[in-house]
Amino acid sequence: MGYSKRRDRKIDIVRGFAIISVVMGHCGFPFFSFTCRFQTALFFIISGLFWKDKNAASVNNIFRQIKHLIKTLWIPYVLWNVAFLFLNNYLCSTGLYICNIQEYEQAMGKINVGMLHSYYSIKQMFIESCKILFFMGGTELGGASWFFRVLFFAEILFTVVQYLFNKIKVNKIIVEIPFGICLSLIGHYLYNYYCKQFEGSFVGMLIEYLGLWLMAFGLLTLGHILKIIHLKYEGWYNSNLFAIILIVIGFGISLMLFKSKIVFFQKNYGITVALFAMMFLWGQAFFIDKYIDKLAIILAYLGSNTIPIFMGHFAVFKLVSVIIVLINGYPHYYVGAFPYIGEWMPYGIINTFLGATIPLILYLGFKAIKNNVKRVIKLG
């Protein structure tokens, strides 16, 4: 299972850094909680870098891209979340989910708690399954499900828009940037203001989703623009120099915007940081790819297999929580902690290492078994 030479290893190295930051941010790794400010925005930018112009070359190519997104995002999302949905009652009965209101209240303030769970009837199982099938539901241990939903629809919209740009033959850089900014602004308004008028309703949920899709569209656009101009900053030195310039200028601008007390700029502070993190990590990726081959292989492997890590790290955190409770003799409801127990340094290290490696090992093992079965069937 070697690394595919058709992929750009430098971008996968950046993705490797990014998925590690996601796991670290979700497990409360000491001093790294700040990654939550930019990690998801960084992934949308990287997705824009990976997007290929041929996806929008024709209507048939658009449908091929949709088929690819169904295979890589929708199917894993559905299978993983439906699996945990069917395990819901078992997780409640074993205490892995907190279903008792008294225990929930006792846990609050002592450990991180998620939602108060309940047992599902067959009817509720069916309803929740339908929600998952239509990208409208999820489970606590199903990973960052909302990311898959947003990326799925944002990429489809982005591909269609690129197809239209090709048809009218416009200068993409000149048109793409203002168009992406406009849609991002509309999305920001819908998500942060308009959907609150319909909070708790189906309409409110749709407006919230639309707002997220449009904001993600803007980040995909940013990544695509970076892809177009990245050859100008192809070296480690130039890329880091560019990153430093961006950080200095961006820090000053961000500070002024933050001090301006304008809510819009405060809420989008993380996007600004994500851009600088993208360029800085890109610079390091050139250096690592050239000079530290073993680290490059590890990071590229992580970066080329982000989906299983995205989906599986919360489940691994739960396993670590069970072990911590057993070793320390904590009250049994502590295993219901979500996403992790405590912020003690060793817990963060263990969660980060296992949260990134176990899902990847299981995925590669499953892939190997699947390929062997296919080979046996073909030979038979």
# chains A, B, ... in the order shown; residues from 1 in each chain; ligands from 1

$ residues_around --residues "Ser304 in chain A" --least-positions-apart "4" --cutoff "9 Å" --atoms "only C-alpha atoms" --output "list of chain:residue names"
A:Tyr3, A:Arg7, A:Arg9, A:Asp12, A:Ile13, A:Arg15, A:Gly16, A:Leu299, A:Ala300

$ closest_atom_pairs --of "range 286-379 of chain A" --to "range 134-140 of chain A" --cutoff "10 Å" --atoms "only C-alpha atoms" --output "tab-separated table"
residue	atom	partner	partner_atom	distance
A:Phe314	CA	A:Glu140	CA	8.2
A:Ala315	CA	A:Glu140	CA	9.0
A:Phe338	CA	A:Glu140	CA	8.3
A:Pro339	CA	A:Glu140	CA	8.7

$ closest_residue --among "A:Phe63, A:Trp80, A:Leu212, A:Ile228" --to "Val160 in chain A" --atoms "only C-alpha atoms"
A:Phe63

$ atom_distance --atom1 "CA of Asn171 in chain A" --atom2 "CA of Ser184 in chain A"
20.0 Å

$ residues_around --residues "Leu85 in chain A" --least-positions-apart "2" --cutoff "8 Å" --atoms "only C-alpha atoms" --output "PDB file with C-alpha atoms, in the first residue's frame"
ATOM      1  CA  ASN A  81     -23.512   7.349  11.378  1.00  0.00           C
ATOM      2  CA  VAL A  82     -26.106   4.636  10.743  1.00  0.00           C
ATOM      3  CA  ALA A  83     -23.795   2.152  12.489  1.00  0.00           C
ATOM      4  CA  LEU A  87     -25.702   1.058  18.503  1.00  0.00           C
ATOM      5  CA  ASN A  88     -27.454   3.924  20.317  1.00  0.00           C
ATOM      6  CA  MET A 125     -34.472   4.728  14.516  1.00  0.00           C
ATOM      7  CA  GLU A 128     -33.096   9.296  12.335  1.00  0.00           C
ATOM      8  CA  SER A 129     -31.884   6.953   9.579  1.00  0.00           C
ATOM      9  CA  THR A 139     -24.525  10.870  15.817  1.00  0.00           C
TER      10      THR A 139
END

$ residues_around --residues "range 351-363 of chain A" --least-positions-apart "5" --cutoff "12 Å" --atoms "only C-alpha atoms" --output "ChimeraX atom specification"
/A:1,16-30,32,76,143,298-299,301-321,323-324,339-346,368-370

$ select_by_dssp --residues "range 90-206 of chain A" --states "alpha helix (DSSP H)" --output "PDB file with N, CA and C atoms, in the first residue's frame"
ATOM      1  N   TYR A  90     -27.489   0.323  22.835  1.00  0.00           N
ATOM      2  CA  TYR A  90     -26.412  -0.405  23.511  1.00  0.00           C
ATOM      3  C   TYR A  90     -25.480   0.570  24.223  1.00  0.00           C
ATOM      4  N   LEU A  91     -25.142   1.682  23.555  1.00  0.00           N
ATOM      5  CA  LEU A  91     -24.262   2.689  24.150  1.00  0.00           C
ATOM      6  C   LEU A  91     -24.908   3.321  25.379  1.00  0.00           C
ATOM      7  N   CYS A  92     -26.238   3.473  25.337  1.00  0.00           N
ATOM      8  CA  CYS A  92     -26.961   4.001  26.510  1.00  0.00           C
ATOM      9  C   CYS A  92     -26.948   2.993  27.658  1.00  0.00           C
ATOM     10  N   SER A  93     -27.179   1.724  27.335  1.00  0.00           N
ATOM     11  CA  SER A  93     -27.265   0.692  28.382  1.00  0.00           C
ATOM     12  C   SER A  93     -25.927   0.432  29.050  1.00  0.00           C
ATOM     13  N   ILE A 101     -30.666  11.770  33.664  1.00  0.00           N
ATOM     14  CA  ILE A 101     -30.609  13.209  33.902  1.00  0.00           C
ATOM     15  C   ILE A 101     -29.837  13.547  35.167  1.00  0.00           C
ATOM     16  N   GLN A 102     -29.951  12.704  36.214  1.00  0.00           N
ATOM     17  CA  GLN A 102     -29.220  12.963  37.449  1.00  0.00           C
ATOM     18  C   GLN A 102     -27.710  12.840  37.221  1.00  0.00           C
ATOM     19  N   GLU A 103     -27.305  11.789  36.500  1.00  0.00           N
ATOM     20  CA  GLU A 103     -25.887  11.607  36.205  1.00  0.00           C
ATOM     21  C   GLU A 103     -25.375  12.725  35.306  1.00  0.00           C
ATOM     22  N   TYR A 104     -26.223  13.154  34.404  1.00  0.00           N
ATOM     23  CA  TYR A 104     -25.847  14.246  33.500  1.00  0.00           C
ATOM     24  C   TYR A 104     -25.565  15.518  34.283  1.00  0.00           C
ATOM     25  N   GLU A 105     -26.443  15.827  35.241  1.00  0.00           N
ATOM     26  CA  GLU A 105     -26.269  17.028  36.068  1.00  0.00           C
ATOM     27  C   GLU A 105     -25.046  16.903  36.968  1.00  0.00           C
ATOM     28  N   GLN A 106     -24.786  15.689  37.479  1.00  0.00           N
ATOM     29  CA  GLN A 106     -23.601  15.469  38.305  1.00  0.00           C
ATOM     30  C   GLN A 106     -22.315  15.641  37.489  1.00  0.00           C
ATOM     31  N   ALA A 107     -22.375  15.205  36.226  1.00  0.00           N
ATOM     32  CA  ALA A 107     -21.187  15.262  35.371  1.00  0.00           C
ATOM     33  C   ALA A 107     -20.848  16.686  34.951  1.00  0.00           C
ATOM     34  N   ILE A 122     -38.045   1.762  17.480  1.00  0.00           N
ATOM     35  CA  ILE A 122     -37.839   1.402  16.078  1.00  0.00           C
ATOM     36  C   ILE A 122     -38.251   2.556  15.161  1.00  0.00           C
ATOM     37  N   LYS A 123     -39.353   3.211  15.528  1.00  0.00           N
ATOM     38  CA  LYS A 123     -39.828   4.350  14.741  1.00  0.00           C
ATOM     39  C   LYS A 123     -38.805   5.481  14.750  1.00  0.00           C
ATOM     40  N   GLN A 124     -38.250   5.786  15.931  1.00  0.00           N
ATOM     41  CA  GLN A 124     -37.250   6.846  16.021  1.00  0.00           C
ATOM     42  C   GLN A 124     -35.992   6.481  15.238  1.00  0.00           C
ATOM     43  N   MET A 125     -35.621   5.201  15.288  1.00  0.00           N
ATOM     44  CA  MET A 125     -34.472   4.728  14.516  1.00  0.00           C
ATOM     45  C   MET A 125     -34.691   4.986  13.031  1.00  0.00           C
ATOM     46  N   PHE A 126     -35.890   4.688  12.558  1.00  0.00           N
ATOM     47  CA  PHE A 126     -36.211   4.876  11.141  1.00  0.00           C
ATOM     48  C   PHE A 126     -36.140   6.353  10.765  1.00  0.00           C
ATOM     49  N   ILE A 127     -36.719   7.212  11.614  1.00  0.00           N
ATOM     50  CA  ILE A 127     -36.717   8.660  11.331  1.00  0.00           C
ATOM     51  C   ILE A 127     -35.294   9.201  11.298  1.00  0.00           C
ATOM     52  N   GLU A 128     -34.481   8.821  12.275  1.00  0.00           N
ATOM     53  CA  GLU A 128     -33.096   9.296  12.335  1.00  0.00           C
ATOM     54  C   GLU A 128     -32.283   8.758  11.158  1.00  0.00           C
ATOM     55  N   SER A 129     -32.573   7.527  10.740  1.00  0.00           N
ATOM     56  CA  SER A 129     -31.884   6.953   9.579  1.00  0.00           C
ATOM     57  C   SER A 129     -32.187   7.753   8.318  1.00  0.00           C
ATOM     58  N   CYS A 130     -33.451   8.156   8.143  1.00  0.00           N
ATOM     59  CA  CYS A 130     -33.844   8.970   6.992  1.00  0.00           C
ATOM     60  C   CYS A 130     -33.136  10.317   7.001  1.00  0.00           C
ATOM     61  N   LYS A 131     -33.014  10.896   8.187  1.00  0.00           N
ATOM     62  CA  LYS A 131     -32.301  12.176   8.305  1.00  0.00           C
ATOM     63  C   LYS A 131     -30.857  12.032   7.855  1.00  0.00           C
ATOM     64  N   ILE A 132     -30.225  10.933   8.284  1.00  0.00           N
ATOM     65  CA  ILE A 132     -28.832  10.700   7.911  1.00  0.00           C
ATOM     66  C   ILE A 132     -28.710  10.506   6.406  1.00  0.00           C
ATOM     67  N   LEU A 133     -29.641   9.763   5.809  1.00  0.00           N
ATOM     68  CA  LEU A 133     -29.611   9.517   4.365  1.00  0.00           C
ATOM     69  C   LEU A 133     -29.690  10.813   3.572  1.00  0.00           C
ATOM     70  N   SER A 145     -19.574  15.288  11.490  1.00  0.00           N
ATOM     71  CA  SER A 145     -20.472  14.992  10.372  1.00  0.00           C
ATOM     72  C   SER A 145     -20.838  16.227   9.561  1.00  0.00           C
ATOM     73  N   TRP A 146     -20.976  17.347  10.243  1.00  0.00           N
ATOM     74  CA  TRP A 146     -21.405  18.553   9.540  1.00  0.00           C
ATOM     75  C   TRP A 146     -20.399  18.930   8.460  1.00  0.00           C
ATOM     76  N   PHE A 147     -19.120  18.640   8.669  1.00  0.00           N
ATOM     77  CA  PHE A 147     -18.079  18.981   7.694  1.00  0.00           C
ATOM     78  C   PHE A 147     -18.323  18.270   6.374  1.00  0.00           C
ATOM     79  N   PHE A 148     -18.692  16.974   6.432  1.00  0.00           N
ATOM     80  CA  PHE A 148     -18.947  16.198   5.223  1.00  0.00           C
ATOM     81  C   PHE A 148     -20.132  16.782   4.457  1.00  0.00           C
ATOM     82  N   ARG A 149     -21.170  17.131   5.195  1.00  0.00           N
ATOM     83  CA  ARG A 149     -22.371  17.686   4.570  1.00  0.00           C
ATOM     84  C   ARG A 149     -22.052  19.009   3.869  1.00  0.00           C
ATOM     85  N   VAL A 150     -21.348  19.878   4.550  1.00  0.00           N
ATOM     86  CA  VAL A 150     -21.039  21.194   3.989  1.00  0.00           C
ATOM     87  C   VAL A 150     -20.102  21.069   2.793  1.00  0.00           C
ATOM     88  N   LEU A 151     -19.053  20.248   2.923  1.00  0.00           N
ATOM     89  CA  LEU A 151     -18.101  20.089   1.827  1.00  0.00           C
ATOM     90  C   LEU A 151     -18.771  19.474   0.601  1.00  0.00           C
ATOM     91  N   PHE A 152     -19.662  18.524   0.809  1.00  0.00           N
ATOM     92  CA  PHE A 152     -20.359  17.841  -0.293  1.00  0.00           C
ATOM     93  C   PHE A 152     -21.099  18.856  -1.165  1.00  0.00           C
ATOM     94  N   PHE A 153     -21.948  19.658  -0.562  1.00  0.00           N
ATOM     95  CA  PHE A 153     -22.764  20.597  -1.336  1.00  0.00           C
ATOM     96  C   PHE A 153     -21.956  21.809  -1.814  1.00  0.00           C
ATOM     97  N   ALA A 154     -20.976  22.243  -1.024  1.00  0.00           N
ATOM     98  CA  ALA A 154     -20.150  23.379  -1.436  1.00  0.00           C
ATOM     99  C   ALA A 154     -19.323  23.021  -2.666  1.00  0.00           C
ATOM    100  N   GLU A 155     -18.806  21.792  -2.721  1.00  0.00           N
ATOM    101  CA  GLU A 155     -18.014  21.370  -3.895  1.00  0.00           C
ATOM    102  C   GLU A 155     -18.882  21.252  -5.134  1.00  0.00           C
ATOM    103  N   ILE A 156     -20.108  20.769  -4.975  1.00  0.00           N
ATOM    104  CA  ILE A 156     -21.014  20.681  -6.135  1.00  0.00           C
ATOM    105  C   ILE A 156     -21.308  22.081  -6.667  1.00  0.00           C
ATOM    106  N   LEU A 157     -21.638  23.006  -5.760  1.00  0.00           N
ATOM    107  CA  LEU A 157     -21.906  24.388  -6.163  1.00  0.00           C
ATOM    108  C   LEU A 157     -20.679  25.003  -6.829  1.00  0.00           C
ATOM    109  N   PHE A 158     -19.512  24.772  -6.251  1.00  0.00           N
ATOM    110  CA  PHE A 158     -18.272  25.322  -6.799  1.00  0.00           C
ATOM    111  C   PHE A 158     -18.012  24.780  -8.205  1.00  0.00           C
ATOM    112  N   THR A 159     -18.246  23.488  -8.404  1.00  0.00           N
ATOM    113  CA  THR A 159     -18.017  22.867  -9.718  1.00  0.00           C
ATOM    114  C   THR A 159     -18.965  23.442 -10.765  1.00  0.00           C
ATOM    115  N   VAL A 160     -20.230  23.613 -10.411  1.00  0.00           N
ATOM    116  CA  VAL A 160     -21.213  24.181 -11.344  1.00  0.00           C
ATOM    117  C   VAL A 160     -20.840  25.618 -11.705  1.00  0.00           C
ATOM    118  N   VAL A 161     -20.439  26.406 -10.703  1.00  0.00           N
ATOM    119  CA  VAL A 161     -20.048  27.800 -10.953  1.00  0.00           C
ATOM    120  C   VAL A 161     -18.825  27.860 -11.867  1.00  0.00           C
ATOM    121  N   GLN A 162     -17.847  26.979 -11.656  1.00  0.00           N
ATOM    122  CA  GLN A 162     -16.663  26.941 -12.519  1.00  0.00           C
ATOM    123  C   GLN A 162     -17.038  26.574 -13.953  1.00  0.00           C
ATOM    124  N   TYR A 163     -17.995  25.682 -14.100  1.00  0.00           N
ATOM    125  CA  TYR A 163     -18.480  25.308 -15.435  1.00  0.00           C
ATOM    126  C   TYR A 163     -19.086  26.531 -16.138  1.00  0.00           C
ATOM    127  N   LEU A 164     -19.875  27.302 -15.406  1.00  0.00           N
ATOM    128  CA  LEU A 164     -20.482  28.513 -15.986  1.00  0.00           C
ATOM    129  C   LEU A 164     -19.424  29.549 -16.338  1.00  0.00           C
ATOM    130  N   PHE A 165     -18.394  29.688 -15.483  1.00  0.00           N
ATOM    131  CA  PHE A 165     -17.290  30.599 -15.791  1.00  0.00           C
ATOM    132  C   PHE A 165     -16.594  30.176 -17.087  1.00  0.00           C
ATOM    133  N   ASN A 166     -16.410  28.863 -17.264  1.00  0.00           N
ATOM    134  CA  ASN A 166     -15.787  28.362 -18.497  1.00  0.00           C
ATOM    135  C   ASN A 166     -16.631  28.679 -19.722  1.00  0.00           C
ATOM    136  N   LYS A 167     -17.951  28.590 -19.566  1.00  0.00           N
ATOM    137  CA  LYS A 167     -18.861  28.833 -20.685  1.00  0.00           C
ATOM    138  C   LYS A 167     -18.818  30.292 -21.164  1.00  0.00           C
ATOM    139  N   ILE A 168     -18.780  31.215 -20.188  1.00  0.00           N
ATOM    140  CA  ILE A 168     -18.789  32.638 -20.568  1.00  0.00           C
ATOM    141  C   ILE A 168     -17.374  33.177 -20.781  1.00  0.00           C
ATOM    142  N   LYS A 172     -10.733  34.085 -14.725  1.00  0.00           N
ATOM    143  CA  LYS A 172     -11.185  33.456 -13.490  1.00  0.00           C
ATOM    144  C   LYS A 172     -10.733  34.192 -12.237  1.00  0.00           C
ATOM    145  N   ILE A 173      -9.484  34.635 -12.230  1.00  0.00           N
ATOM    146  CA  ILE A 173      -8.966  35.289 -11.028  1.00  0.00           C
ATOM    147  C   ILE A 173      -9.717  36.586 -10.763  1.00  0.00           C
ATOM    148  N   ILE A 174      -9.957  37.358 -11.834  1.00  0.00           N
ATOM    149  CA  ILE A 174     -10.637  38.651 -11.670  1.00  0.00           C
ATOM    150  C   ILE A 174     -12.077  38.458 -11.200  1.00  0.00           C
ATOM    151  N   VAL A 175     -12.767  37.450 -11.738  1.00  0.00           N
ATOM    152  CA  VAL A 175     -14.176  37.228 -11.420  1.00  0.00           C
ATOM    153  C   VAL A 175     -14.351  36.378 -10.159  1.00  0.00           C
ATOM    154  N   GLU A 176     -13.483  35.367  -9.995  1.00  0.00           N
ATOM    155  CA  GLU A 176     -13.656  34.382  -8.932  1.00  0.00           C
ATOM    156  C   GLU A 176     -13.559  35.006  -7.542  1.00  0.00           C
ATOM    157  N   ILE A 177     -12.599  35.892  -7.351  1.00  0.00           N
ATOM    158  CA  ILE A 177     -12.373  36.460  -6.014  1.00  0.00           C
ATOM    159  C   ILE A 177     -13.579  37.262  -5.528  1.00  0.00           C
ATOM    160  N   PRO A 178     -14.061  38.265  -6.306  1.00  0.00           N
ATOM    161  CA  PRO A 178     -15.233  39.014  -5.813  1.00  0.00           C
ATOM    162  C   PRO A 178     -16.486  38.152  -5.685  1.00  0.00           C
ATOM    163  N   PHE A 179     -16.639  37.180  -6.614  1.00  0.00           N
ATOM    164  CA  PHE A 179     -17.815  36.306  -6.551  1.00  0.00           C
ATOM    165  C   PHE A 179     -17.777  35.459  -5.285  1.00  0.00           C
ATOM    166  N   GLY A 180     -16.603  34.893  -4.977  1.00  0.00           N
ATOM    167  CA  GLY A 180     -16.454  34.089  -3.770  1.00  0.00           C
ATOM    168  C   GLY A 180     -16.685  34.901  -2.510  1.00  0.00           C
ATOM    169  N   ILE A 181     -16.178  36.155  -2.513  1.00  0.00           N
ATOM    170  CA  ILE A 181     -16.372  37.040  -1.354  1.00  0.00           C
ATOM    171  C   ILE A 181     -17.846  37.352  -1.166  1.00  0.00           C
ATOM    172  N   CYS A 182     -18.535  37.657  -2.274  1.00  0.00           N
ATOM    173  CA  CYS A 182     -19.970  37.991  -2.192  1.00  0.00           C
ATOM    174  C   CYS A 182     -20.785  36.830  -1.618  1.00  0.00           C
ATOM    175  N   LEU A 183     -20.529  35.616  -2.128  1.00  0.00           N
ATOM    176  CA  LEU A 183     -21.271  34.462  -1.622  1.00  0.00           C
ATOM    177  C   LEU A 183     -20.937  34.197  -0.157  1.00  0.00           C
ATOM    178  N   SER A 184     -19.678  34.411   0.227  1.00  0.00           N
ATOM    179  CA  SER A 184     -19.287  34.232   1.627  1.00  0.00           C
ATOM    180  C   SER A 184     -20.011  35.219   2.536  1.00  0.00           C
ATOM    181  N   LEU A 185     -20.127  36.457   2.081  1.00  0.00           N
ATOM    182  CA  LEU A 185     -20.831  37.481   2.868  1.00  0.00           C
ATOM    183  C   LEU A 185     -22.306  37.128   3.026  1.00  0.00           C
ATOM    184  N   ILE A 186     -22.912  36.664   1.927  1.00  0.00           N
ATOM    185  CA  ILE A 186     -24.318  36.245   1.998  1.00  0.00           C
ATOM    186  C   ILE A 186     -24.460  35.075   2.961  1.00  0.00           C
ATOM    187  N   GLY A 187     -23.547  34.109   2.849  1.00  0.00           N
ATOM    188  CA  GLY A 187     -23.575  32.945   3.728  1.00  0.00           C
ATOM    189  C   GLY A 187     -23.395  33.324   5.184  1.00  0.00           C
ATOM    190  N   HIS A 188     -22.479  34.255   5.435  1.00  0.00           N
ATOM    191  CA  HIS A 188     -22.252  34.719   6.808  1.00  0.00           C
ATOM    192  C   HIS A 188     -23.516  35.347   7.382  1.00  0.00           C
ATOM    193  N   TYR A 189     -24.181  36.179   6.577  1.00  0.00           N
ATOM    194  CA  TYR A 189     -25.400  36.835   7.042  1.00  0.00           C
ATOM    195  C   TYR A 189     -26.490  35.814   7.333  1.00  0.00           C
ATOM    196  N   LEU A 190     -26.647  34.852   6.409  1.00  0.00           N
ATOM    197  CA  LEU A 190     -27.678  33.826   6.602  1.00  0.00           C
ATOM    198  C   LEU A 190     -27.405  33.006   7.867  1.00  0.00           C
ATOM    199  N   TYR A 191     -26.149  32.605   8.052  1.00  0.00           N
ATOM    200  CA  TYR A 191     -25.795  31.710   9.164  1.00  0.00           C
ATOM    201  C   TYR A 191     -25.849  32.421  10.510  1.00  0.00           C
ATOM    202  N   ASN A 192     -25.351  33.639  10.572  1.00  0.00           N
ATOM    203  CA  ASN A 192     -25.211  34.314  11.869  1.00  0.00           C
ATOM    204  C   ASN A 192     -26.400  35.191  12.260  1.00  0.00           C
ATOM    205  N   PHE A 202     -37.579  23.813  10.665  1.00  0.00           N
ATOM    206  CA  PHE A 202     -36.978  23.192   9.482  1.00  0.00           C
ATOM    207  C   PHE A 202     -36.407  24.264   8.555  1.00  0.00           C
ATOM    208  N   VAL A 203     -37.138  25.369   8.404  1.00  0.00           N
ATOM    209  CA  VAL A 203     -36.667  26.477   7.563  1.00  0.00           C
ATOM    210  C   VAL A 203     -35.367  27.042   8.122  1.00  0.00           C
ATOM    211  N   GLY A 204     -35.307  27.194   9.437  1.00  0.00           N
ATOM    212  CA  GLY A 204     -34.100  27.701  10.076  1.00  0.00           C
ATOM    213  C   GLY A 204     -32.908  26.792   9.821  1.00  0.00           C
ATOM    214  N   MET A 205     -33.143  25.483   9.855  1.00  0.00           N
ATOM    215  CA  MET A 205     -32.074  24.519   9.598  1.00  0.00           C
ATOM    216  C   MET A 205     -31.566  24.640   8.166  1.00  0.00           C
ATOM    217  N   LEU A 206     -32.484  24.777   7.206  1.00  0.00           N
ATOM    218  CA  LEU A 206     -32.086  24.906   5.808  1.00  0.00           C
ATOM    219  C   LEU A 206     -31.299  26.195   5.572  1.00  0.00           C
TER     220      LEU A 206
END

$ atom_distance --atom1 "CA of Phe276 in chain A" --atom2 "CA of Ala41 in chain A"
11.3 Å
